[in-house]
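As provided, target-v6.cif (mmCIF, C-alpha atoms) reads as follows.
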data_my_file
#
loop_
_atom_site.group_PDB
_atom_site.id
_atom_site.type_symbol
_atom_site.label_atom_id
_atom_site.label_comp_id
_atom_site.auth_asym_id
_atom_site.auth_seq_id
_atom_site.Cartn_x
_atom_site.Cartn_y
_atom_site.Cartn_z
ATOM 1 C CA MET A 1 -18.569 -18.734 37.644
ATOM 2 C CA ALA A 2 -15.152 -17.015 37.652
ATOM 3 C CA LYS A 3 -13.977 -19.593 35.123
ATOM 4 C CA TYR A 4 -16.747 -18.577 32.700
ATOM 5 C CA ILE A 5 -16.001 -14.890 33.150
ATOM 6 C CA LEU A 6 -12.325 -15.531 32.397
ATOM 7 C CA HIS A 7 -13.231 -17.468 29.232
ATOM 8 C CA PHE A 8 -15.586 -14.685 28.188
ATOM 9 C CA CYS A 9 -12.859 -12.052 28.703
ATOM 10 C CA VAL A 10 -10.360 -14.074 26.671
ATOM 11 C CA LEU A 11 -12.865 -14.476 23.843
ATOM 12 C CA LEU A 12 -13.654 -10.777 23.992
ATOM 13 C CA LEU A 13 -9.962 -9.863 23.713
ATOM 14 C CA ILE A 14 -9.484 -12.239 20.772
ATOM 15 C CA GLY A 15 -12.564 -10.784 19.086
ATOM 16 C CA CYS A 16 -11.316 -7.217 19.546
ATOM 17 C CA ALA A 17 -7.895 -8.076 18.115
ATOM 18 C CA THR A 18 -9.519 -9.794 15.140
ATOM 19 C CA PHE A 19 -11.824 -6.824 14.576
ATOM 20 C CA GLU A 20 -8.891 -4.359 14.703
ATOM 21 C CA GLY A 21 -6.952 -6.493 12.233
ATOM 22 C CA ALA A 22 -9.926 -6.584 9.872
ATOM 23 C CA GLN A 23 -10.308 -2.804 10.140
ATOM 24 C CA ARG A 24 -6.617 -2.351 9.295
ATOM 25 C CA MET A 25 -6.985 -4.595 6.242
ATOM 26 C CA ASN A 26 -10.042 -2.624 5.088
ATOM 27 C CA LEU A 27 -8.033 0.568 5.457
ATOM 28 C CA LEU A 28 -5.188 -0.993 3.433
ATOM 29 C CA GLU A 29 -7.695 -1.793 0.700
ATOM 30 C CA GLU A 30 -8.828 1.847 0.649
ATOM 31 C CA MET A 31 -5.262 3.206 0.664
ATOM 32 C CA SER A 32 -4.055 0.846 -2.064
ATOM 33 C CA LEU A 33 -7.054 1.735 -4.254
ATOM 34 C CA ALA A 34 -6.350 5.451 -3.754
ATOM 35 C CA TYR A 35 -2.735 4.777 -4.719
ATOM 36 C CA LYS A 36 -3.842 2.862 -7.826
ATOM 37 C CA ASP A 37 -6.222 5.672 -8.831
ATOM 38 C CA ALA A 38 -3.457 8.256 -8.391
ATOM 39 C CA LEU A 39 -1.066 6.272 -10.613
ATOM 40 C CA ILE A 40 -3.688 5.616 -13.300
ATOM 41 C CA SER A 41 -4.590 9.314 -13.412
ATOM 42 C CA SER A 42 -0.864 10.277 -13.553
ATOM 43 C CA ASN A 43 -1.245 12.150 -10.268
ATOM 44 C CA TYR A 44 2.182 11.129 -8.979
ATOM 45 C CA ARG A 45 2.234 13.856 -6.354
ATOM 46 C CA ALA A 46 -0.903 12.384 -4.747
ATOM 47 C CA ALA A 47 0.559 8.866 -4.967
ATOM 48 C CA ASN A 48 3.760 10.120 -3.367
ATOM 49 C CA LYS A 49 1.818 11.390 -0.333
ATOM 50 C CA LEU A 50 1.208 7.737 0.584
ATOM 51 C CA VAL A 51 4.943 6.961 0.553
ATOM 52 C CA ARG A 52 7.244 7.000 3.549
ATOM 53 C CA ASN A 53 10.829 5.822 3.306
ATOM 54 C CA LYS A 54 11.959 4.457 6.668
ATOM 55 C CA GLU A 55 15.725 4.883 6.203
ATOM 56 C CA THR A 56 16.063 8.361 4.727
ATOM 57 C CA GLY A 57 12.733 9.997 5.402
ATOM 58 C CA HIS A 58 10.281 10.941 2.700
ATOM 59 C CA GLN A 59 12.043 11.850 -0.555
ATOM 60 C CA ASP A 60 10.243 13.197 -3.569
ATOM 61 C CA PRO A 61 10.824 11.442 -6.893
ATOM 62 C CA ASP A 62 11.751 13.267 -10.091
ATOM 63 C CA PHE A 63 8.326 14.608 -11.071
ATOM 64 C CA ASN A 64 9.750 16.039 -14.326
ATOM 65 C CA HIS A 65 10.622 12.493 -15.407
ATOM 66 C CA LEU A 66 7.221 11.188 -14.306
ATOM 67 C CA LYS A 67 5.273 13.719 -16.398
ATOM 68 C CA ASN A 68 6.204 11.583 -19.434
ATOM 69 C CA VAL A 69 4.864 8.364 -17.892
ATOM 70 C CA THR A 70 1.259 7.220 -18.327
ATOM 71 C CA VAL A 71 0.056 4.108 -16.517
ATOM 72 C CA THR A 72 -2.195 2.139 -18.862
ATOM 73 C CA SER A 73 -3.077 -0.779 -16.571
ATOM 74 C CA TYR A 74 -2.639 -1.794 -12.949
ATOM 75 C CA GLU A 75 -3.476 -5.307 -11.804
ATOM 76 C CA LEU A 76 -3.171 -6.706 -8.296
ATOM 77 C CA LEU A 77 -1.568 -10.157 -8.547
ATOM 78 C CA GLU A 78 -1.124 -11.065 -4.886
ATOM 79 C CA LYS A 79 -1.653 -9.635 -1.403
ATOM 80 C CA THR A 80 -0.166 -11.039 1.794
ATOM 81 C CA ALA A 81 -0.179 -9.650 5.314
ATOM 82 C CA SER A 82 1.660 -10.325 8.538
ATOM 83 C CA SER A 83 -0.208 -12.225 11.240
ATOM 84 C CA ASP A 84 -0.806 -8.995 13.191
ATOM 85 C CA ASN A 85 -1.927 -7.100 10.053
ATOM 86 C CA LEU A 86 0.687 -4.381 10.579
ATOM 87 C CA GLU A 87 2.673 -5.145 7.420
ATOM 88 C CA ALA A 88 1.538 -6.174 3.964
ATOM 89 C CA GLN A 89 3.029 -6.936 0.585
ATOM 90 C CA LEU A 90 1.147 -6.316 -2.628
ATOM 91 C CA THR A 91 2.437 -7.654 -5.910
ATOM 92 C CA VAL A 92 1.119 -5.556 -8.782
ATOM 93 C CA GLU A 93 1.612 -5.695 -12.530
ATOM 94 C CA ILE A 94 1.805 -2.229 -14.045
ATOM 95 C CA ARG A 95 1.838 -1.414 -17.758
ATOM 96 C CA TYR A 96 2.879 2.082 -18.684
ATOM 97 C CA PHE A 97 3.693 4.215 -21.707
ATOM 98 C CA HIS A 98 6.852 6.302 -21.532
ATOM 99 C CA ALA A 99 6.684 9.240 -23.963
ATOM 100 C CA ASP A 100 10.475 9.711 -23.996
ATOM 101 C CA TYR A 101 10.999 6.221 -25.432
ATOM 102 C CA LEU A 102 7.665 5.762 -27.241
ATOM 103 C CA ARG A 103 7.112 2.316 -25.787
ATOM 104 C CA VAL A 104 4.787 0.425 -23.481
ATOM 105 C CA THR A 105 6.554 -1.444 -20.693
ATOM 106 C CA THR A 106 5.336 -3.917 -18.086
ATOM 107 C CA LEU A 107 6.816 -4.107 -14.618
ATOM 108 C CA VAL A 108 6.013 -6.115 -11.523
ATOM 109 C CA ASP A 109 5.940 -3.828 -8.501
ATOM 110 C CA GLU A 110 6.552 -5.464 -5.104
ATOM 111 C CA GLN A 111 4.907 -2.995 -2.744
ATOM 112 C CA GLN A 112 5.725 -3.029 0.966
ATOM 113 C CA TRP A 113 3.066 -1.385 3.133
ATOM 114 C CA GLU A 114 3.316 -0.710 6.873
ATOM 115 C CA TYR A 115 0.620 0.380 9.289
ATOM 116 C CA ASP A 116 1.531 3.224 11.627
ATOM 117 C CA LYS A 117 -0.430 2.819 14.860
ATOM 118 C CA LYS A 118 0.306 6.410 15.901
ATOM 119 C CA ASP A 119 -1.052 7.898 12.661
ATOM 120 C CA GLY A 120 -3.708 5.216 12.230
ATOM 121 C CA ARG A 121 -2.859 4.766 8.549
ATOM 122 C CA TRP A 122 -0.870 2.720 6.075
ATOM 123 C CA TYR A 123 2.276 3.928 4.342
ATOM 124 C CA LEU A 124 3.951 2.563 1.240
ATOM 125 C CA VAL A 125 7.557 2.133 2.351
ATOM 126 C CA SER A 126 8.892 0.657 -0.897
ATOM 127 C CA GLY A 127 8.364 3.900 -2.836
ATOM 128 C CA LEU A 128 6.908 4.671 -6.231
ATOM 129 C CA PRO A 129 7.617 2.231 -9.071
ATOM 130 C CA ASP A 130 10.823 2.696 -11.025
ATOM 131 C CA PHE A 131 9.458 3.857 -14.390
ATOM 132 C CA ARG A 132 12.458 3.709 -16.742
#
Let me see the structure of the file written as structure tokens.
Amino acid sequence: MAKYILHFCVLLLIGCATFEGAQRMNLLEEMSLAYKDALISSNYRAANKLVRNKETGHQDPDFNHLKNVTVTSYELLEKTASSDNLEAQLTVEIRYFHADYLRVTTLVDEQQWEYDKKDGRWYLVSGLPDFR
């Protein structure tokens, strides 16, 4: 009987870990969609609230430069996550119009996301795209 209880407990622990990982991935989906919506609507201040730079702390980008940038499309190309679902990489293709140069440019943005267990949320640690 003790053997069955031990097996049940192990299965329960595995199930809980899997459920937590799935919840984290659902939260990443929500956060990345909010980030996408902020970029598409040119709300760079809202997008920047999802950013946290590990080395230097949170630094604001040049919002005066960004006011001339309009994202015209945003397409998720690939999403990978660590086995514990605490880190993820999203590869995104972004097309944008830069009013200073009167041109549409395409860039591939390699986004690094990390889950903060203390805050219970994801942060973009790679920063906003480099719109040149």
Nearby residues (all atoms listed in the file) at most 12 Å from Thr72 in chain A, same-chain spacing under 2 positions excluded, as a PyMOL selection string: chain A and resi 36-37+39-42+69-70+74-75+93-98+103-107
Nearest to Asp100 in chain A by atom-to-atom distance, counting only C-alpha atoms, from A:Trp113, A:Gly120, A:Asn85, A:Lys67: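 Closest to Asp100 in chain A of all the choices is A:Lys67.
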Residue with smallest distance to Leu76 in chain A - pool A:Asp62, A:Leu27, A:Ala88, A:Leu33, counting only C-alpha atoms: A:Leu33
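The residue set within 6 Å of Tyr35 in chain A, counting only C-alpha atoms and dropping same-chain residues fewer than 3 places from it, reads Ser32, Ala38 and Ala47 of chain A.
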Residues from the last selection, C-alpha atoms, saved as a PDB file, keeping the file's coordinate frame:
ATOM      1  CA  SER A  32      -4.055   0.846  -2.064  1.00  0.00           C
ATOM      2  CA  ALA A  38      -3.457   8.256  -8.391  1.00  0.00           C
ATOM      3  CA  ALA A  47       0.559   8.866  -4.967  1.00  0.00           C
TER       4      ALA A  47
END
How would you write, as a PDB file with C-alpha atoms, in the frame of the given file, the residues chosen by the PyMOL selection byres ((chain A and resi 91) around 10) on this structure?
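Result went into selection_11.pdb, see below:
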ATOM      1  CA  GLU A  75      -3.476  -5.307 -11.804  1.00  0.00           C
ATOM      2  CA  LEU A  76      -3.171  -6.706  -8.296  1.00  0.00           C
ATOM      3  CA  LEU A  77      -1.568 -10.157  -8.547  1.00  0.00           C
ATOM      4  CA  GLU A  78      -1.124 -11.065  -4.886  1.00  0.00           C
ATOM      5  CA  LYS A  79      -1.653  -9.635  -1.403  1.00  0.00           C
ATOM      6  CA  THR A  80      -0.166 -11.039   1.794  1.00  0.00           C
ATOM      7  CA  GLN A  89       3.029  -6.936   0.585  1.00  0.00           C
ATOM      8  CA  LEU A  90       1.147  -6.316  -2.628  1.00  0.00           C
ATOM      9  CA  VAL A  92       1.119  -5.556  -8.782  1.00  0.00           C
ATOM     10  CA  GLU A  93       1.612  -5.695 -12.530  1.00  0.00           C
ATOM     11  CA  ILE A  94       1.805  -2.229 -14.045  1.00  0.00           C
ATOM     12  CA  VAL A 108       6.013  -6.115 -11.523  1.00  0.00           C
ATOM     13  CA  ASP A 109       5.940  -3.828  -8.501  1.00  0.00           C
ATOM     14  CA  GLU A 110       6.552  -5.464  -5.104  1.00  0.00           C
ATOM     15  CA  GLN A 111       4.907  -2.995  -2.744  1.00  0.00           C
ATOM     16  CA  GLN A 112       5.725  -3.029   0.966  1.00  0.00           C
TER      17      GLN A 112
END
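Here CA of Leu102 in chain A is placed at a distance of 27.4 Å from CA of Ala34 in chain A.
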Please write C-alpha atoms of chain A, from the structure given just now, as a PDB file, in the first residue's frame.
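Saved to out.pdb:
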ATOM      1  CA  MET A   1       0.000   0.000   0.000  1.00  0.00           C
ATOM      2  CA  ALA A   2       2.826   2.426   0.871  1.00  0.00           C
ATOM      3  CA  LYS A   3       4.307   1.752  -2.562  1.00  0.00           C
ATOM      4  CA  TYR A   4       1.089   2.918  -4.252  1.00  0.00           C
ATOM      5  CA  ILE A   5       0.900   6.029  -2.098  1.00  0.00           C
ATOM      6  CA  LEU A   6       4.494   6.893  -3.014  1.00  0.00           C
ATOM      7  CA  HIS A   7       3.735   6.450  -6.731  1.00  0.00           C
ATOM      8  CA  PHE A   8       0.626   8.591  -6.364  1.00  0.00           C
ATOM      9  CA  CYS A   9       2.617  11.356  -4.625  1.00  0.00           C
ATOM     10  CA  VAL A  10       5.283  11.304  -7.337  1.00  0.00           C
ATOM     11  CA  LEU A  11       2.636  11.538 -10.052  1.00  0.00           C
ATOM     12  CA  LEU A  12       0.938  14.355  -8.179  1.00  0.00           C
ATOM     13  CA  LEU A  13       4.201  16.314  -7.940  1.00  0.00           C
ATOM     14  CA  ILE A  14       4.909  15.798 -11.649  1.00  0.00           C
ATOM     15  CA  GLY A  15       1.372  16.907 -12.486  1.00  0.00           C
ATOM     16  CA  CYS A  16       1.697  20.057 -10.373  1.00  0.00           C
ATOM     17  CA  ALA A  17       5.018  20.974 -11.993  1.00  0.00           C
ATOM     18  CA  THR A  18       3.539  20.422 -15.449  1.00  0.00           C
ATOM     19  CA  PHE A  19       0.490  22.515 -14.570  1.00  0.00           C
ATOM     20  CA  GLU A  20       2.674  25.375 -13.249  1.00  0.00           C
ATOM     21  CA  GLY A  21       4.777  25.268 -16.407  1.00  0.00           C
ATOM     22  CA  ALA A  22       1.659  25.415 -18.572  1.00  0.00           C
ATOM     23  CA  GLN A  23       0.344  28.363 -16.550  1.00  0.00           C
ATOM     24  CA  ARG A  24       3.655  30.193 -17.026  1.00  0.00           C
ATOM     25  CA  MET A  25       3.505  29.596 -20.783  1.00  0.00           C
ATOM     26  CA  ASN A  26      -0.077  30.902 -20.908  1.00  0.00           C
ATOM     27  CA  LEU A  27       1.062  33.997 -19.042  1.00  0.00           C
ATOM     28  CA  LEU A  28       3.941  34.429 -21.525  1.00  0.00           C
ATOM     29  CA  GLU A  29       1.407  34.284 -24.345  1.00  0.00           C
ATOM     30  CA  GLU A  30      -0.631  37.044 -22.681  1.00  0.00           C
ATOM     31  CA  MET A  31       2.433  39.207 -21.973  1.00  0.00           C
ATOM     32  CA  SER A  32       3.863  38.817 -25.476  1.00  0.00           C
ATOM     33  CA  LEU A  33       0.486  39.704 -27.026  1.00  0.00           C
ATOM     34  CA  ALA A  34       0.257  42.804 -24.815  1.00  0.00           C
ATOM     35  CA  TYR A  35       3.774  43.719 -25.932  1.00  0.00           C
ATOM     36  CA  LYS A  36       2.824  43.211 -29.592  1.00  0.00           C
ATOM     37  CA  ASP A  37      -0.311  45.349 -29.178  1.00  0.00           C
ATOM     38  CA  ALA A  38       1.720  48.118 -27.527  1.00  0.00           C
ATOM     39  CA  LEU A  39       4.249  48.153 -30.390  1.00  0.00           C
ATOM     40  CA  ILE A  40       1.574  48.076 -33.103  1.00  0.00           C
ATOM     41  CA  SER A  41      -0.264  50.979 -31.463  1.00  0.00           C
ATOM     42  CA  SER A  42       3.035  52.926 -31.078  1.00  0.00           C
ATOM     43  CA  ASN A  43       2.593  52.890 -27.303  1.00  0.00           C
ATOM     44  CA  TYR A  44       6.300  52.428 -26.603  1.00  0.00           C
ATOM     45  CA  ARG A  45       5.969  53.536 -22.999  1.00  0.00           C
ATOM     46  CA  ALA A  46       3.547  50.659 -22.326  1.00  0.00           C
ATOM     47  CA  ALA A  47       5.834  48.220 -24.167  1.00  0.00           C
ATOM     48  CA  ASN A  48       8.773  49.465 -22.119  1.00  0.00           C
ATOM     49  CA  LYS A  49       6.961  48.587 -18.873  1.00  0.00           C
ATOM     50  CA  LEU A  50       7.441  44.918 -19.805  1.00  0.00           C
ATOM     51  CA  VAL A  51      11.215  45.355 -20.148  1.00  0.00           C
ATOM     52  CA  ARG A  52      13.782  44.679 -17.459  1.00  0.00           C
ATOM     53  CA  ASN A  53      17.491  44.831 -18.181  1.00  0.00           C
ATOM     54  CA  LYS A  54      19.346  42.470 -15.851  1.00  0.00           C
ATOM     55  CA  GLU A  55      22.783  44.126 -16.006  1.00  0.00           C
ATOM     56  CA  THR A  56      22.020  47.824 -15.653  1.00  0.00           C
ATOM     57  CA  GLY A  57      18.490  47.934 -14.330  1.00  0.00           C
ATOM     58  CA  HIS A  58      15.560  49.258 -16.296  1.00  0.00           C
ATOM     59  CA  GLN A  59      16.605  52.019 -18.707  1.00  0.00           C
ATOM     60  CA  ASP A  60      14.156  54.013 -20.747  1.00  0.00           C
ATOM     61  CA  PRO A  61      14.754  54.224 -24.497  1.00  0.00           C
ATOM     62  CA  ASP A  62      14.769  57.490 -26.434  1.00  0.00           C
ATOM     63  CA  PHE A  63      11.018  58.080 -26.710  1.00  0.00           C
ATOM     64  CA  ASN A  64      11.605  61.183 -28.877  1.00  0.00           C
ATOM     65  CA  HIS A  65      13.227  58.945 -31.498  1.00  0.00           C
ATOM     66  CA  LEU A  66      10.446  56.364 -31.195  1.00  0.00           C
ATOM     67  CA  LYS A  67       7.663  58.890 -31.865  1.00  0.00           C
ATOM     68  CA  ASN A  68       8.731  58.750 -35.537  1.00  0.00           C
ATOM     69  CA  VAL A  69       8.476  54.951 -35.723  1.00  0.00           C
ATOM     70  CA  THR A  70       5.267  53.150 -36.699  1.00  0.00           C
ATOM     71  CA  VAL A  71       5.150  49.356 -36.598  1.00  0.00           C
ATOM     72  CA  THR A  72       3.214  48.125 -39.627  1.00  0.00           C
ATOM     73  CA  SER A  73       3.414  44.368 -39.006  1.00  0.00           C
ATOM     74  CA  TYR A  74       4.548  41.983 -36.292  1.00  0.00           C
ATOM     75  CA  GLU A  75       4.802  38.263 -36.960  1.00  0.00           C
ATOM     76  CA  LEU A  76       5.895  35.569 -34.530  1.00  0.00           C
ATOM     77  CA  LEU A  77       8.295  33.242 -36.364  1.00  0.00           C
ATOM     78  CA  GLU A  78       9.413  30.931 -33.565  1.00  0.00           C
ATOM     79  CA  LYS A  79       8.968  30.389 -29.828  1.00  0.00           C
ATOM     80  CA  THR A  80      11.156  28.173 -27.657  1.00  0.00           C
ATOM     81  CA  ALA A  81      11.221  27.727 -23.901  1.00  0.00           C
ATOM     82  CA  SER A  82      13.559  26.214 -21.356  1.00  0.00           C
ATOM     83  CA  SER A  83      12.600  22.841 -19.904  1.00  0.00           C
ATOM     84  CA  ASP A  84      11.432  24.494 -16.664  1.00  0.00           C
ATOM     85  CA  ASN A  85       9.475  27.201 -18.544  1.00  0.00           C
ATOM     86  CA  LEU A  86      11.337  30.000 -16.756  1.00  0.00           C
ATOM     87  CA  GLU A  87      13.043  31.375 -19.871  1.00  0.00           C
ATOM     88  CA  ALA A  88      11.793  31.763 -23.417  1.00  0.00           C
ATOM     89  CA  GLN A  89      12.998  33.097 -26.733  1.00  0.00           C
ATOM     90  CA  LEU A  90      10.634  34.547 -29.294  1.00  0.00           C
ATOM     91  CA  THR A  91      11.809  35.294 -32.800  1.00  0.00           C
ATOM     92  CA  VAL A  92       9.643  37.994 -34.353  1.00  0.00           C
ATOM     93  CA  GLU A  93       9.684  39.734 -37.712  1.00  0.00           C
ATOM     94  CA  ILE A  94       8.780  43.398 -37.400  1.00  0.00           C
ATOM     95  CA  ARG A  95       8.137  45.791 -40.282  1.00  0.00           C
ATOM     96  CA  TYR A  96       8.110  49.457 -39.426  1.00  0.00           C
ATOM     97  CA  PHE A  97       7.959  52.868 -41.066  1.00  0.00           C
ATOM     98  CA  HIS A  98      10.463  55.454 -39.878  1.00  0.00           C
ATOM     99  CA  ALA A  99       9.235  58.989 -40.628  1.00  0.00           C
ATOM    100  CA  ASP A 100      12.739  60.491 -40.380  1.00  0.00           C
ATOM    101  CA  TYR A 101      13.968  58.363 -43.291  1.00  0.00           C
ATOM    102  CA  LEU A 102      10.670  57.845 -45.149  1.00  0.00           C
ATOM    103  CA  ARG A 103      11.218  54.121 -45.510  1.00  0.00           C
ATOM    104  CA  VAL A 104       9.770  50.806 -44.409  1.00  0.00           C
ATOM    105  CA  THR A 105      12.295  48.467 -42.814  1.00  0.00           C
ATOM    106  CA  THR A 106      12.097  44.843 -41.708  1.00  0.00           C
ATOM    107  CA  LEU A 107      13.995  43.523 -38.724  1.00  0.00           C
ATOM    108  CA  VAL A 108      14.134  40.186 -36.962  1.00  0.00           C
ATOM    109  CA  ASP A 109      13.846  40.707 -33.218  1.00  0.00           C
ATOM    110  CA  GLU A 110      15.280  37.953 -30.994  1.00  0.00           C
ATOM    111  CA  GLN A 111      13.358  38.476 -27.770  1.00  0.00           C
ATOM    112  CA  GLN A 112      14.611  36.986 -24.507  1.00  0.00           C
ATOM    113  CA  TRP A 113      11.909  36.612 -21.858  1.00  0.00           C
ATOM    114  CA  GLU A 114      12.439  35.541 -18.242  1.00  0.00           C
ATOM    115  CA  TYR A 115       9.874  34.577 -15.636  1.00  0.00           C
ATOM    116  CA  ASP A 116      10.299  36.162 -12.217  1.00  0.00           C
ATOM    117  CA  LYS A 117       8.929  33.778  -9.589  1.00  0.00           C
ATOM    118  CA  LYS A 118       8.831  36.535  -6.961  1.00  0.00           C
ATOM    119  CA  ASP A 119       6.740  38.878  -9.128  1.00  0.00           C
ATOM    120  CA  GLY A 120       4.840  36.054 -10.815  1.00  0.00           C
ATOM    121  CA  ARG A 121       5.311  37.604 -14.258  1.00  0.00           C
ATOM    122  CA  TRP A 122       7.440  37.587 -17.378  1.00  0.00           C
ATOM    123  CA  TYR A 123       9.921  40.302 -18.287  1.00  0.00           C
ATOM    124  CA  LEU A 124      11.494  41.054 -21.641  1.00  0.00           C
ATOM    125  CA  VAL A 125      15.197  41.223 -20.815  1.00  0.00           C
ATOM    126  CA  SER A 126      16.454  41.851 -24.356  1.00  0.00           C
ATOM    127  CA  GLY A 127      14.865  45.315 -24.534  1.00  0.00           C
ATOM    128  CA  LEU A 128      12.846  47.097 -27.179  1.00  0.00           C
ATOM    129  CA  PRO A 129      13.806  46.548 -30.825  1.00  0.00           C
ATOM    130  CA  ASP A 130      16.512  48.756 -32.281  1.00  0.00           C
ATOM    131  CA  PHE A 131      14.484  50.879 -34.712  1.00  0.00           C
ATOM    132  CA  ARG A 132      17.102  52.695 -36.811  1.00  0.00           C
TER     133      ARG A 132
END
